[in-house]
$ cat model-v8.txt   # compact mmCIF, C-alpha atoms
# COMPACT_ATOMS: atom_id res chain seq x y z
CA MET A 23 117.63 40.84 147.92
CA ALA A 24 118.39 44.13 146.12
CA ARG A 25 117.29 47.36 147.78
CA LEU A 26 113.94 48.57 146.42
CA PHE A 27 114.87 52.26 146.47
CA GLY A 28 117.48 53.38 143.96
CA THR A 29 119.24 56.74 143.71
CA ASP A 30 115.96 58.40 142.67
CA GLY A 31 113.19 56.47 144.37
CA VAL A 32 111.54 53.23 143.26
CA ARG A 33 111.54 52.88 139.49
CA GLY A 34 110.64 50.26 136.90
CA VAL A 35 108.24 49.28 134.14
CA ALA A 36 104.74 50.36 135.18
CA ASN A 37 102.30 47.53 135.92
CA GLU A 38 105.11 44.99 135.50
CA TYR A 39 107.68 45.87 138.17
CA LEU A 40 106.08 48.98 139.64
CA THR A 41 102.59 47.59 140.16
CA PRO A 42 99.50 49.10 141.82
CA LYS A 43 100.06 46.66 144.69
CA MET A 44 103.60 47.96 145.19
CA ALA A 45 102.38 51.56 145.03
CA PHE A 46 99.66 50.81 147.59
CA GLU A 47 102.15 49.18 149.94
CA LEU A 48 104.61 52.06 149.52
CA GLY A 49 101.89 54.55 150.41
CA ALA A 50 100.72 52.64 153.48
CA ALA A 51 104.28 52.02 154.68
CA ALA A 52 105.30 55.66 154.21
CA CYS A 53 102.24 56.76 156.16
CA GLU A 54 103.13 54.41 159.02
CA VAL A 55 106.79 55.48 159.10
CA LEU A 56 106.06 59.22 158.96
CA LYS A 57 103.37 59.30 161.66
CA LYS A 58 104.40 61.62 164.50
CA ASP A 59 102.90 61.35 167.95
CA GLY A 60 99.76 59.81 166.54
CA GLN A 61 99.12 62.75 164.23
CA ILE A 62 97.65 62.10 160.79
CA PRO A 63 100.42 62.56 158.18
CA VAL A 64 99.65 64.61 155.08
CA PHE A 65 101.21 63.78 151.68
CA ALA A 66 101.43 66.25 148.77
CA VAL A 67 101.48 64.14 145.59
CA GLY A 68 102.36 65.28 142.06
CA MET A 69 103.03 63.46 138.82
CA ASP A 70 104.24 63.80 135.25
CA THR A 71 102.27 63.02 132.09
CA ARG A 72 102.78 59.25 131.72
CA ILE A 73 99.74 57.13 130.99
CA SER A 74 100.44 55.04 134.12
CA CYS A 75 100.50 58.00 136.53
CA ASP A 76 96.75 58.00 137.23
CA MET A 77 96.80 54.28 137.97
CA LEU A 78 99.76 54.58 140.33
CA PHE A 79 98.39 57.73 141.97
CA CYS A 80 95.12 55.99 142.79
CA SER A 81 96.97 53.04 144.31
CA LEU A 82 99.50 55.15 146.21
CA ALA A 83 96.81 57.48 147.55
CA SER A 84 94.66 54.52 148.57
CA GLY A 85 97.58 53.04 150.48
CA ILE A 86 98.19 56.32 152.29
CA MET A 87 94.51 56.79 153.17
CA SER A 88 94.07 53.15 154.22
CA ALA A 89 96.80 53.73 156.82
CA GLY A 90 95.11 56.92 158.05
CA GLY A 91 96.98 59.57 156.07
CA ASP A 92 95.56 62.45 154.04
CA VAL A 93 96.50 63.20 150.43
CA ILE A 94 96.85 66.55 148.68
CA GLU A 95 96.59 65.96 144.93
CA LEU A 96 98.81 68.43 143.04
CA GLY A 97 98.15 67.07 139.55
CA ILE A 98 100.68 67.24 136.73
CA ILE A 99 103.56 69.34 138.00
CA PRO A 100 107.40 69.25 137.93
CA THR A 101 109.33 67.34 140.57
CA PRO A 102 110.93 70.54 141.98
CA ALA A 103 107.47 72.03 142.38
CA VAL A 104 106.51 69.17 144.69
CA ALA A 105 109.48 70.04 146.90
CA VAL A 106 108.24 73.65 147.07
CA LEU A 107 104.57 72.78 147.55
CA THR A 108 105.24 70.21 150.28
CA LYS A 109 106.54 73.08 152.39
CA TYR A 110 103.86 75.53 151.20
CA TYR A 111 101.00 73.24 152.22
CA LYS A 112 102.84 72.20 155.42
CA ALA A 113 102.62 68.55 154.39
CA ASP A 114 104.59 65.86 156.20
CA ALA A 115 105.93 64.49 152.92
CA GLY A 116 105.89 65.06 149.20
CA VAL A 117 105.64 62.31 146.60
CA VAL A 118 106.40 62.42 142.88
CA ILE A 119 105.14 59.81 140.44
CA SER A 120 107.57 60.04 137.54
CA ALA A 121 110.43 58.29 135.77
CA SER A 122 112.11 61.54 134.77
CA HIS A 123 113.89 61.15 131.39
CA ASN A 124 112.98 57.46 131.00
CA PRO A 125 110.52 56.16 128.33
CA PHE A 126 106.79 56.41 129.00
CA TYR A 127 106.42 52.74 129.97
CA ASP A 128 108.67 53.25 132.99
CA ASN A 129 107.48 55.04 136.08
CA GLY A 130 108.71 55.75 139.57
CA ILE A 131 107.78 56.91 143.04
CA LYS A 132 110.06 59.15 145.08
CA PHE A 133 109.54 60.88 148.41
CA PHE A 134 110.44 64.27 149.87
CA GLY A 135 110.44 65.12 153.54
CA SER A 136 108.49 68.02 155.05
CA ASP A 137 111.56 70.22 154.51
CA GLY A 138 111.51 69.68 150.73
CA TYR A 139 114.62 67.47 150.69
CA LYS A 140 114.58 63.89 149.41
CA LEU A 141 114.23 61.32 152.18
CA ASP A 142 117.50 59.90 153.45
CA ASP A 143 118.45 56.25 153.04
CA ASP A 144 117.46 55.29 156.57
CA LEU A 145 113.87 56.48 156.16
CA GLU A 146 113.61 54.81 152.76
CA ASP A 147 114.85 51.56 154.32
CA MET A 148 112.23 51.88 157.09
CA ILE A 149 109.50 52.36 154.47
CA GLU A 150 110.72 49.34 152.53
CA GLU A 151 110.80 47.21 155.69
CA LYS A 152 107.18 48.15 156.54
CA MET A 153 105.75 47.31 153.13
CA GLY A 154 102.97 44.75 153.33
CA LYS A 155 102.93 44.89 157.13
CA VAL A 156 100.70 47.90 157.84
CA THR A 157 97.35 47.36 159.54
CA ALA A 158 94.55 49.25 157.81
CA VAL A 159 92.56 51.75 159.86
CA THR A 160 88.76 51.79 159.93
CA HIS A 161 85.79 54.03 160.58
CA GLU A 162 86.58 57.73 161.12
CA ASN A 163 90.34 57.07 160.96
CA ILE A 164 90.40 56.51 157.19
CA GLY A 165 92.25 59.30 155.38
CA CYS A 166 90.85 61.80 152.86
CA LYS A 167 91.99 63.41 149.62
CA SER A 168 91.85 67.07 148.57
CA VAL A 169 92.65 68.52 145.13
CA MET A 170 94.70 71.71 144.79
CA SER A 171 93.86 73.54 141.56
CA ASP A 172 96.26 76.40 142.35
CA ALA A 173 99.46 74.32 142.63
CA THR A 174 100.96 75.42 139.30
CA GLU A 175 100.23 79.09 140.00
CA ILE A 176 101.82 78.89 143.45
CA TYR A 177 104.99 77.30 142.06
CA LYS A 178 105.20 79.88 139.28
CA ASP A 179 104.83 82.74 141.76
CA TYR A 180 107.47 81.15 143.99
CA ILE A 181 110.06 81.24 141.18
CA LEU A 182 109.13 84.79 140.17
CA GLU A 183 109.59 85.95 143.76
CA LYS A 184 113.07 84.41 143.85
CA PHE A 185 114.02 86.44 140.76
CA SER A 186 111.91 89.54 141.34
CA ASP A 187 114.67 91.89 140.13
CA LEU A 188 115.20 90.08 136.81
CA ASP A 189 113.81 91.53 133.57
CA LEU A 190 114.20 89.42 130.43
CA SER A 191 112.47 91.93 128.14
CA GLY A 192 113.86 91.85 124.63
CA MET A 193 114.93 88.21 124.80
CA LYS A 194 113.47 85.55 122.52
CA ILE A 195 113.50 82.13 124.18
CA ALA A 196 112.46 78.68 122.94
CA LEU A 197 111.39 75.92 125.31
CA ASP A 198 111.20 72.16 124.79
CA CYS A 199 108.98 70.73 127.51
CA ALA A 200 109.49 67.04 126.58
CA ASN A 201 105.69 66.53 126.55
CA GLY A 202 106.13 66.34 130.29
CA ALA A 203 105.48 68.06 133.58
CA THR A 204 106.80 71.53 132.63
CA GLU A 205 104.43 71.99 129.69
CA LYS A 206 102.27 74.59 131.49
CA VAL A 207 104.43 76.33 134.05
CA ALA A 208 107.70 76.89 132.15
CA LYS A 209 106.16 79.21 129.54
CA MET A 210 104.35 81.15 132.27
CA VAL A 211 107.58 81.81 134.19
CA PHE A 212 109.65 83.10 131.28
CA GLU A 213 106.82 85.16 129.84
CA GLU A 214 106.14 86.87 133.16
CA LEU A 215 109.86 87.66 133.40
CA GLY A 216 109.39 89.62 130.17
CA ALA A 217 110.74 87.28 127.47
CA GLN A 218 109.10 86.38 124.17
CA VAL A 219 108.56 82.63 124.46
CA ASP A 220 107.74 79.86 122.01
CA VAL A 221 107.22 76.28 123.14
CA ILE A 222 107.56 72.94 121.37
CA PHE A 223 106.71 69.45 122.66
CA ALA A 224 104.08 70.59 125.14
CA GLN A 225 101.18 68.38 124.03
CA SER A 226 101.34 65.23 126.09
CA ASN A 227 99.19 62.21 125.26
CA GLY A 228 100.44 59.81 127.92
CA ILE A 229 102.95 57.99 125.73
CA ASN A 230 104.98 60.73 124.00
CA ILE A 231 106.88 61.99 127.05
CA ASN A 232 110.63 62.28 126.18
CA VAL A 233 110.06 60.84 122.67
CA ASP A 234 112.52 62.56 120.31
CA CYS A 235 112.40 65.63 122.52
CA GLY A 236 113.48 67.05 125.86
CA SER A 237 116.88 67.06 127.52
CA THR A 238 117.97 63.72 126.03
CA HIS A 239 116.94 64.47 122.43
CA THR A 240 117.64 68.06 121.42
CA GLU A 241 117.85 67.54 117.65
CA ASN A 242 114.46 69.12 116.92
CA LEU A 243 115.03 71.98 119.35
CA ARG A 244 118.41 72.77 117.78
CA LYS A 245 116.77 73.01 114.36
CA PHE A 246 113.92 75.10 115.77
CA VAL A 247 116.35 77.58 117.35
CA LYS A 248 118.37 78.10 114.17
CA GLU A 249 115.27 78.60 112.02
CA GLY A 250 113.57 80.93 114.50
CA ASN A 251 116.51 83.17 115.42
CA TYR A 252 116.18 82.66 119.17
CA ASP A 253 118.60 84.09 121.73
CA ILE A 254 118.69 80.82 123.65
CA ALA A 255 116.64 77.66 124.19
CA PHE A 256 115.99 75.37 127.14
CA ALA A 257 115.16 71.66 127.04
CA PHE A 258 113.67 70.03 130.13
CA ASP A 259 113.27 66.36 130.94
CA GLY A 260 109.98 64.64 131.69
CA ASP A 261 109.72 65.74 135.31
CA GLY A 262 111.47 69.10 134.97
CA ASP A 263 114.45 68.69 137.28
CA ARG A 264 117.07 68.79 134.49
CA LEU A 265 118.05 71.41 131.94
CA ILE A 266 119.96 71.24 128.69
CA VAL A 267 120.74 74.54 126.95
CA VAL A 268 120.83 75.13 123.21
CA GLU A 269 122.72 78.24 122.13
CA LYS A 270 121.75 80.79 119.48
CA ASP A 271 123.65 78.94 116.74
CA GLY A 272 121.78 75.70 117.49
CA GLU A 273 124.65 74.02 119.34
CA GLU A 274 123.92 72.07 122.53
CA LEU A 275 125.75 73.39 125.58
CA ASN A 276 127.44 70.67 127.62
CA GLY A 277 126.19 70.43 131.20
CA ASP A 278 129.69 70.75 132.68
CA ARG A 279 130.28 74.06 130.87
CA LEU A 280 126.96 75.39 132.15
CA ILE A 281 127.79 74.35 135.71
CA TYR A 282 131.10 76.16 135.34
CA ALA A 283 129.39 79.30 134.01
CA ILE A 284 126.83 79.44 136.84
CA ALA A 285 129.52 78.81 139.46
CA ALA A 286 131.72 81.57 137.96
CA ASP A 287 128.78 83.99 137.91
CA LEU A 288 127.86 83.24 141.51
CA LYS A 289 131.49 83.72 142.54
CA GLU A 290 131.74 87.02 140.64
CA ASN A 291 128.65 88.29 142.45
CA GLY A 292 129.86 87.13 145.87
CA LEU A 293 127.13 84.49 146.15
CA LEU A 294 129.11 81.23 145.99
CA ALA A 295 129.35 79.89 149.54
CA LYS A 296 132.88 78.84 150.49
CA ASP A 297 133.89 79.45 146.85
CA THR A 298 133.05 75.80 146.15
CA VAL A 299 130.98 73.91 143.59
CA VAL A 300 129.96 70.24 143.97
CA ALA A 301 130.07 67.90 140.96
CA THR A 302 130.27 64.16 140.40
CA ILE A 303 133.08 61.88 139.31
CA MET A 304 131.63 61.99 135.77
CA SER A 305 132.21 65.71 135.29
CA ASN A 306 134.99 66.68 132.89
CA TYR A 307 138.40 67.32 134.44
CA ALA A 308 138.56 70.59 132.49
CA MET A 309 136.17 71.97 135.12
CA ASP A 310 138.84 71.52 137.79
CA VAL A 311 141.36 73.44 135.69
CA ALA A 312 139.04 76.33 134.80
CA LEU A 313 137.52 76.66 138.27
CA GLU A 314 140.95 76.80 139.88
CA LYS A 315 141.82 79.83 137.74
CA ARG A 316 138.79 81.60 139.21
CA GLY A 317 139.66 80.62 142.75
CA ILE A 318 136.84 78.11 142.98
CA LYS A 319 137.23 74.69 144.57
CA ILE A 320 135.48 71.63 143.15
CA VAL A 321 134.32 68.77 145.37
CA ARG A 322 133.35 65.50 143.66
CA THR A 323 130.82 62.88 144.76
CA LYS A 324 129.37 59.63 143.48
CA VAL A 325 126.94 59.99 140.58
CA GLY A 326 123.45 60.99 141.67
CA ASP A 327 121.92 64.27 142.77
CA ARG A 328 121.24 62.86 146.24
CA TYR A 329 125.01 62.53 146.81
CA ILE A 330 125.60 66.07 145.58
CA MET A 331 122.91 67.29 147.97
CA LEU A 332 124.32 65.34 150.91
CA GLU A 333 127.74 66.94 150.36
CA MET A 334 126.21 70.39 150.02
CA LEU A 335 124.22 70.09 153.23
CA LYS A 336 127.11 68.56 155.15
CA GLU A 337 129.60 71.27 154.25
CA GLY A 338 127.36 74.32 153.71
CA TYR A 339 127.77 74.62 149.92
CA ILE A 340 124.97 76.14 147.85
CA PHE A 341 125.54 75.05 144.25
CA GLY A 342 126.28 71.76 142.54
CA GLY A 343 125.33 69.74 139.51
CA GLU A 344 125.69 66.82 137.15
CA GLN A 345 126.91 66.66 133.58
CA SER A 346 123.38 65.61 132.58
CA GLY A 347 122.02 69.06 133.40
CA HIS A 348 120.72 68.26 136.88
CA MET A 349 121.71 71.33 138.95
CA ILE A 350 120.89 72.31 142.51
CA TYR A 351 120.89 75.95 143.63
CA LEU A 352 119.90 75.87 147.28
CA PRO A 353 118.95 79.55 147.69
CA ALA A 354 116.12 78.87 145.22
CA ASN A 355 115.09 75.24 145.77
CA THR A 356 115.94 72.12 147.77
CA THR A 357 116.28 69.88 144.73
CA GLY A 358 117.31 70.07 141.08
CA ASP A 359 115.08 72.52 139.23
CA GLY A 360 115.32 72.83 135.44
CA ILE A 361 113.27 76.03 135.23
CA ILE A 362 115.35 77.77 137.88
CA SER A 363 118.54 76.63 136.11
CA GLY A 364 117.11 78.14 132.93
CA VAL A 365 116.37 81.44 134.65
CA LEU A 366 119.93 81.59 136.01
CA THR A 367 121.24 80.97 132.49
CA ALA A 368 118.97 83.56 130.89
CA LYS A 369 120.10 86.06 133.53
CA MET A 370 123.76 85.56 132.58
CA LEU A 371 122.93 85.98 128.88
CA LYS A 372 120.87 89.11 129.52
CA GLU A 373 123.74 90.63 131.52
CA GLY A 374 126.22 89.81 128.75
CA ASN A 375 128.29 87.37 130.82
CA LEU A 376 127.34 83.89 129.59
CA ASN A 377 129.63 83.74 126.57
CA LYS A 378 132.51 85.21 128.58
CA TYR A 379 132.27 82.35 131.08
CA LEU A 380 131.83 79.69 128.39
CA ASP A 381 134.96 80.87 126.58
CA GLU A 382 136.97 80.20 129.74
CA ILE A 383 136.51 76.43 129.67
CA THR A 384 137.50 73.93 126.97
CA LEU A 385 136.42 70.40 127.72
CA PHE A 386 138.69 67.40 127.38
CA PRO A 387 137.38 64.73 124.98
CA GLN A 388 135.07 62.21 126.62
CA ALA A 389 133.31 59.12 125.30
CA LEU A 390 130.28 57.73 127.12
CA VAL A 391 128.66 54.45 126.04
CA ASN A 392 125.86 52.56 127.79
CA ALA A 393 125.87 48.77 128.11
CA LYS A 394 122.50 47.08 128.55
CA VAL A 395 122.74 44.47 131.30
CA SER A 396 120.42 42.37 133.43
CA LYS A 397 119.16 43.76 136.73
CA GLU A 398 121.10 41.02 138.54
CA MET A 399 124.40 41.79 136.83
CA LYS A 400 124.24 45.58 137.03
CA GLU A 401 126.21 45.70 140.27
CA HIS A 402 128.38 42.65 139.54
CA TYR A 403 129.71 43.24 136.03
CA GLY A 404 133.29 43.48 137.36
CA GLU A 405 133.16 39.94 138.71
CA ASN A 406 133.29 38.53 135.19
CA PRO A 407 136.97 37.61 134.55
CA ALA A 408 136.98 38.78 130.92
CA VAL A 409 135.40 42.11 131.85
CA ALA A 410 137.83 42.60 134.74
CA GLN A 411 140.77 41.89 132.43
CA ALA A 412 139.52 44.37 129.81
CA ILE A 413 139.04 47.06 132.48
CA ALA A 414 142.56 46.54 133.80
CA LYS A 415 143.97 46.81 130.27
CA ILE A 416 142.21 50.14 129.60
CA ASN A 417 143.23 51.53 133.00
CA GLU A 418 146.84 50.74 132.17
CA LYS A 419 146.54 52.28 128.71
CA TYR A 420 145.20 55.62 129.94
CA SER A 421 147.23 55.90 133.13
CA GLY A 422 148.67 59.42 133.28
CA SER A 423 146.88 60.65 130.14
CA GLY A 424 143.21 60.08 130.84
CA ARG A 425 140.82 58.02 132.93
CA LEU A 426 138.22 55.27 132.80
CA LEU A 427 135.02 55.45 134.84
CA ILE A 428 132.41 52.69 134.96
CA ARG A 429 129.24 52.92 136.98
CA PRO A 430 125.85 51.22 137.14
CA SER A 431 122.91 53.48 136.34
CA GLY A 432 120.82 54.34 139.37
CA THR A 433 117.57 54.28 137.38
CA GLU A 434 117.96 51.83 134.48
CA ASN A 435 119.50 48.40 133.80
CA LEU A 436 122.59 49.96 132.28
CA VAL A 437 126.30 50.11 133.00
CA ARG A 438 127.80 53.41 131.83
CA VAL A 439 131.33 53.35 130.43
CA MET A 440 133.15 56.68 130.24
CA ILE A 441 136.70 57.27 128.97
CA GLU A 442 138.42 60.65 129.04
CA GLY A 443 141.57 61.14 126.97
CA ASN A 444 143.36 63.11 124.27
CA ASP A 445 142.21 61.32 121.10
CA PRO A 446 138.40 61.46 120.52
CA GLU A 447 138.38 58.60 118.02
CA GLU A 448 140.49 56.32 120.19
CA ILE A 449 138.52 56.83 123.38
CA ALA A 450 135.24 56.35 121.47
CA LYS A 451 136.52 53.06 120.05
CA ASP A 452 137.76 51.80 123.42
CA ALA A 453 134.57 52.80 125.24
CA LYS A 454 132.37 51.12 122.63
CA GLU A 455 134.40 47.90 122.72
CA LEU A 456 134.34 47.70 126.52
CA ALA A 457 130.61 48.47 126.68
CA SER A 458 129.92 45.80 124.03
CA LEU A 459 131.89 43.26 126.05
CA ILE A 460 130.01 44.08 129.25
CA GLU A 461 126.69 43.89 127.41
CA GLU A 462 127.57 40.54 125.83
CA LEU A 463 128.70 38.89 129.07
CA CYS A 464 126.31 40.47 131.58
CA ARG A 465 122.88 40.21 129.94

$ encode --input "model-v8.txt" --output "structure tokens"
Amino acid sequence: MARLFGTDGVRGVANEYLTPKMAFELGAAACEVLKKDGQIPVFAVGMDTRISCDMLFCSLASGIMSAGGDVIELGIIPTPAVAVLTKYYKADAGVVISASHNPFYDNGIKFFGSDGYKLDDDLEDMIEEKMGKVTAVTHENIGCKSVMSDATEIYKDYILEKFSDLDLSGMKIALDCANGATEKVAKMVFEELGAQVDVIFAQSNGININVDCGSTHTENLRKFVKEGNYDIAFAFDGDGDRLIVVEKDGEELNGDRLIYAIAADLKENGLLAKDTVVATIMSNYAMDVALEKRGIKIVRTKVGDRYIMLEMLKEGYIFGGEQSGHMIYLPANTTGDGIISGVLTAKMLKEGNLNKYLDEITLFPQALVNAKVSKEMKEHYGENPAVAQAIAKINEKYSGSGRLLIRPSGTENLVRVMIEGNDPEEIAKDAKELASLIEELCR
């Protein structure tokens, strides 16, 4: 049986795969696993704006309380805020109900430990093993819920304290909040740092999260920036842990180039621990070349922010990120934080350094195509003889002049095909053909 927890918690179609029953059992099991010396565990729970979040919150909270735990309801708030607030309220765990950049009909449940870091695999496995096996408590042992109306304000003040010396006065910034969890707090942060701020896609209705907006759809933001003469614009995803930047001319800034710029800036200011940045195998090889010129080492991991974080914690690094715009800056937060990434970017622009860093890196052509596959075949696509033969043929073709990377998505029923090479048209054609073959044979 496949593991319930993926790279970013438990995720699936709400009320079809991720049901209230599953949420209840997850809550009860997590409460049982995280009990310490008989003490009542406390869970700080936040969510994004999906229509299914209230349903899943009620079920999850009921599961926690039925097992004797207490619940702190944080309301609609970004994922990175839950990491901060778990520590602030001295909770034993944080929980986020969100499916990040996925469509509204998906949802997910992911856990943080009391230290603000995502739970490790062993604890997730223990929770999964306990599901459906927890004995409900009775009488005075039943847990309670409290509602925190100040959660957004506390998170906003936390970020402002981290950047207390930064003044963005004179800057004009546009924000795309993806009709998601950042729709209140992001504007507050940048305005209190002194910038003039305008916001689009900050009117959620339960089903419009990530629809033609946010970090995966920047077309409208790019147009908005060009028409409004903004200095820079930031697009968040549904739960606020990713950032995509749109420049003054309306062009989208690739995540790898932004990671390079932040790493270079940290290095220049003596803040980059061990002169090392952590990225994944998907990041463009041009990063390696440009970073080396600045005396910065790059360490690569499997795709997924949890693997970046594990490497950072193991080796004492403080900055890493993914091509998708998911960046972790440990001096400011224990998980990816789109607003903090935006503040770091605005700081570089204000100081006149952003364009200098961006000019130092020219990306090699990449083509990335998704193949829709069945849940069962997502991890076994390579076992199909025709697919294996096609993969071998492409590997041979690009040996010495490029590379092929194929990986299952950690959050969706997709296999991602990426080819890096010299000819944009050729790699796009090869990636599309291979993805089409995988999709045809692995549905």

$ residues_near_point --input "model-v8.txt" --point "(96.8, 58.6, 138.3)" --cutoff "12 Å" --atoms "all atoms listed in the file" --output "ChimeraX atom specification"
/A:36,42,45,67-84,95-98,118-120,129,228

$ atom_distance --input "model-v8.txt" --atom1 "CA of Gly216 (chain A)" --atom2 "CA of Asp189 (chain A)"
5.9 Å

$ closest_residue --input "model-v8.txt" --among "A:Gly192, A:Gly31, A:Gly277, A:Pro430" --to "Tyr252 (chain A)" --atoms "only C-alpha atoms"
A:Gly192

$ residues_around --input "model-v8.txt" --residues "Leu385 (chain A)" --least-positions-apart "4" --cutoff "12 Å" --atoms "only C-alpha atoms" --output "compact mmCIF listing (two decimals) with C-alpha atoms, in the coordinates of the input"
# COMPACT_ATOMS: atom_id res chain seq x y z
CA LEU A 275 125.75 73.39 125.58
CA ASN A 276 127.44 70.67 127.62
CA GLY A 277 126.19 70.43 131.20
CA ASP A 278 129.69 70.75 132.68
CA ARG A 279 130.28 74.06 130.87
CA LEU A 280 126.96 75.39 132.15
CA TYR A 282 131.10 76.16 135.34
CA SER A 305 132.21 65.71 135.29
CA ASN A 306 134.99 66.68 132.89
CA TYR A 307 138.40 67.32 134.44
CA ALA A 308 138.56 70.59 132.49
CA MET A 309 136.17 71.97 135.12
CA ASP A 310 138.84 71.52 137.79
CA VAL A 311 141.36 73.44 135.69
CA ALA A 312 139.04 76.33 134.80
CA GLN A 345 126.91 66.66 133.58
CA LEU A 380 131.83 79.69 128.39
CA ASP A 381 134.96 80.87 126.58
CA ALA A 389 133.31 59.12 125.30
CA GLU A 442 138.42 60.65 129.04
CA GLY A 443 141.57 61.14 126.97
CA ASN A 444 143.36 63.11 124.27
CA PRO A 446 138.40 61.46 120.52

$ closest_residue --input "model-v8.txt" --among "A:Ser136, A:Ser168, A:Asn375, A:Ser122" --to "Thr108 (chain A)" --atoms "all atoms listed in the file"
A:Ser136

$ residues_around --input "model-v8.txt" --residues "Ala295 (chain A)" --least-positions-apart "3" --cutoff "7 Å" --atoms "only C-alpha atoms" --output "list of chain:residue names"
A:Thr298, A:Tyr339, A:Ile340

$ residues_around --input "model-v8.txt" --residues "region 230-243 of chain A" --least-positions-apart "2" --cutoff "7 Å" --atoms "all atoms listed in the file" --output "list in words"
Thr71, Arg72, His123, Pro125, Phe126, Asp198, Cys199, Ala200, Asn201, Gly202, Phe223, Ser226, Asn227, Gly228, Lys245, Phe246, Val247, Ala257, Phe258, Asp259, Gly260, Leu265 and Ile266 of chain A

$ residues_around --input "model-v8.txt" --residues "Ser363 (chain A)" --least-positions-apart "5" --cutoff "10 Å" --atoms "only C-alpha atoms" --output "list in words"
Phe256, Asp263, Arg264, Leu265, Ile266, Val267, Leu280, Ile281, Ile284, Gly347, His348, Met349, Ile350, Tyr351, Ala354, Gly358, Ala368 and Lys369 of chain A

$ residues_around --input "model-v8.txt" --residues "Glu54 (chain A)" --least-positions-apart "6" --cutoff "8 Å" --atoms "only C-alpha atoms" --output "MDAnalysis selection string"
chainID A and resid 89 152 156

$ axis_aligned_box --input "model-v8.txt" --around "region 65-76 of chain A" --padding-each-side "8 Å" --output "lines of an AutoDock Vina configuration file"
center_x = 100.5
center_y = 60.6
center_z = 141.3
size_x = 23.5
size_y = 27.2
size_z = 36.7

$ residues_near_point --input "model-v8.txt" --point "(124.9, 86.6, 131.1)" --cutoff "12 Å" --atoms "all atoms listed in the file" --output "PyMOL selection string"
chain A and resi 188+190+193+253-254+280+283-284+286-288+290+364-380

$ closest_residue --input "model-v8.txt" --among "A:Gly165, A:Gly317, A:Pro102, A:Gly116" --to "Tyr180 (chain A)" --atoms "only C-alpha atoms"
A:Pro102

$ atom_distance --input "model-v8.txt" --atom1 "CA of Gly28 (chain A)" --atom2 "CA of Val117 (chain A)"
15.1 Å

$ closest_residue --input "model-v8.txt" --among "A:Asp452, A:Arg25, A:Leu197, A:Arg438" --to "Lys415 (chain A)" --atoms "all atoms listed in the file"
A:Asp452

$ atom_distance --input "model-v8.txt" --atom1 "CA of Leu456 (chain A)" --atom2 "CA of Pro387 (chain A)"
17.4 Å

$ closest_residue --input "model-v8.txt" --among "A:Gly138, A:Gly422, A:Gly338, A:Gly85" --to "Thr157 (chain A)" --atoms "all atoms listed in the file"
A:Gly85

$ closest_residue --input "model-v8.txt" --among "A:Ile413, A:Met440, A:Leu426, A:Met334" --to "Asn392 (chain A)" --atoms "only C-alpha atoms"
A:Met440
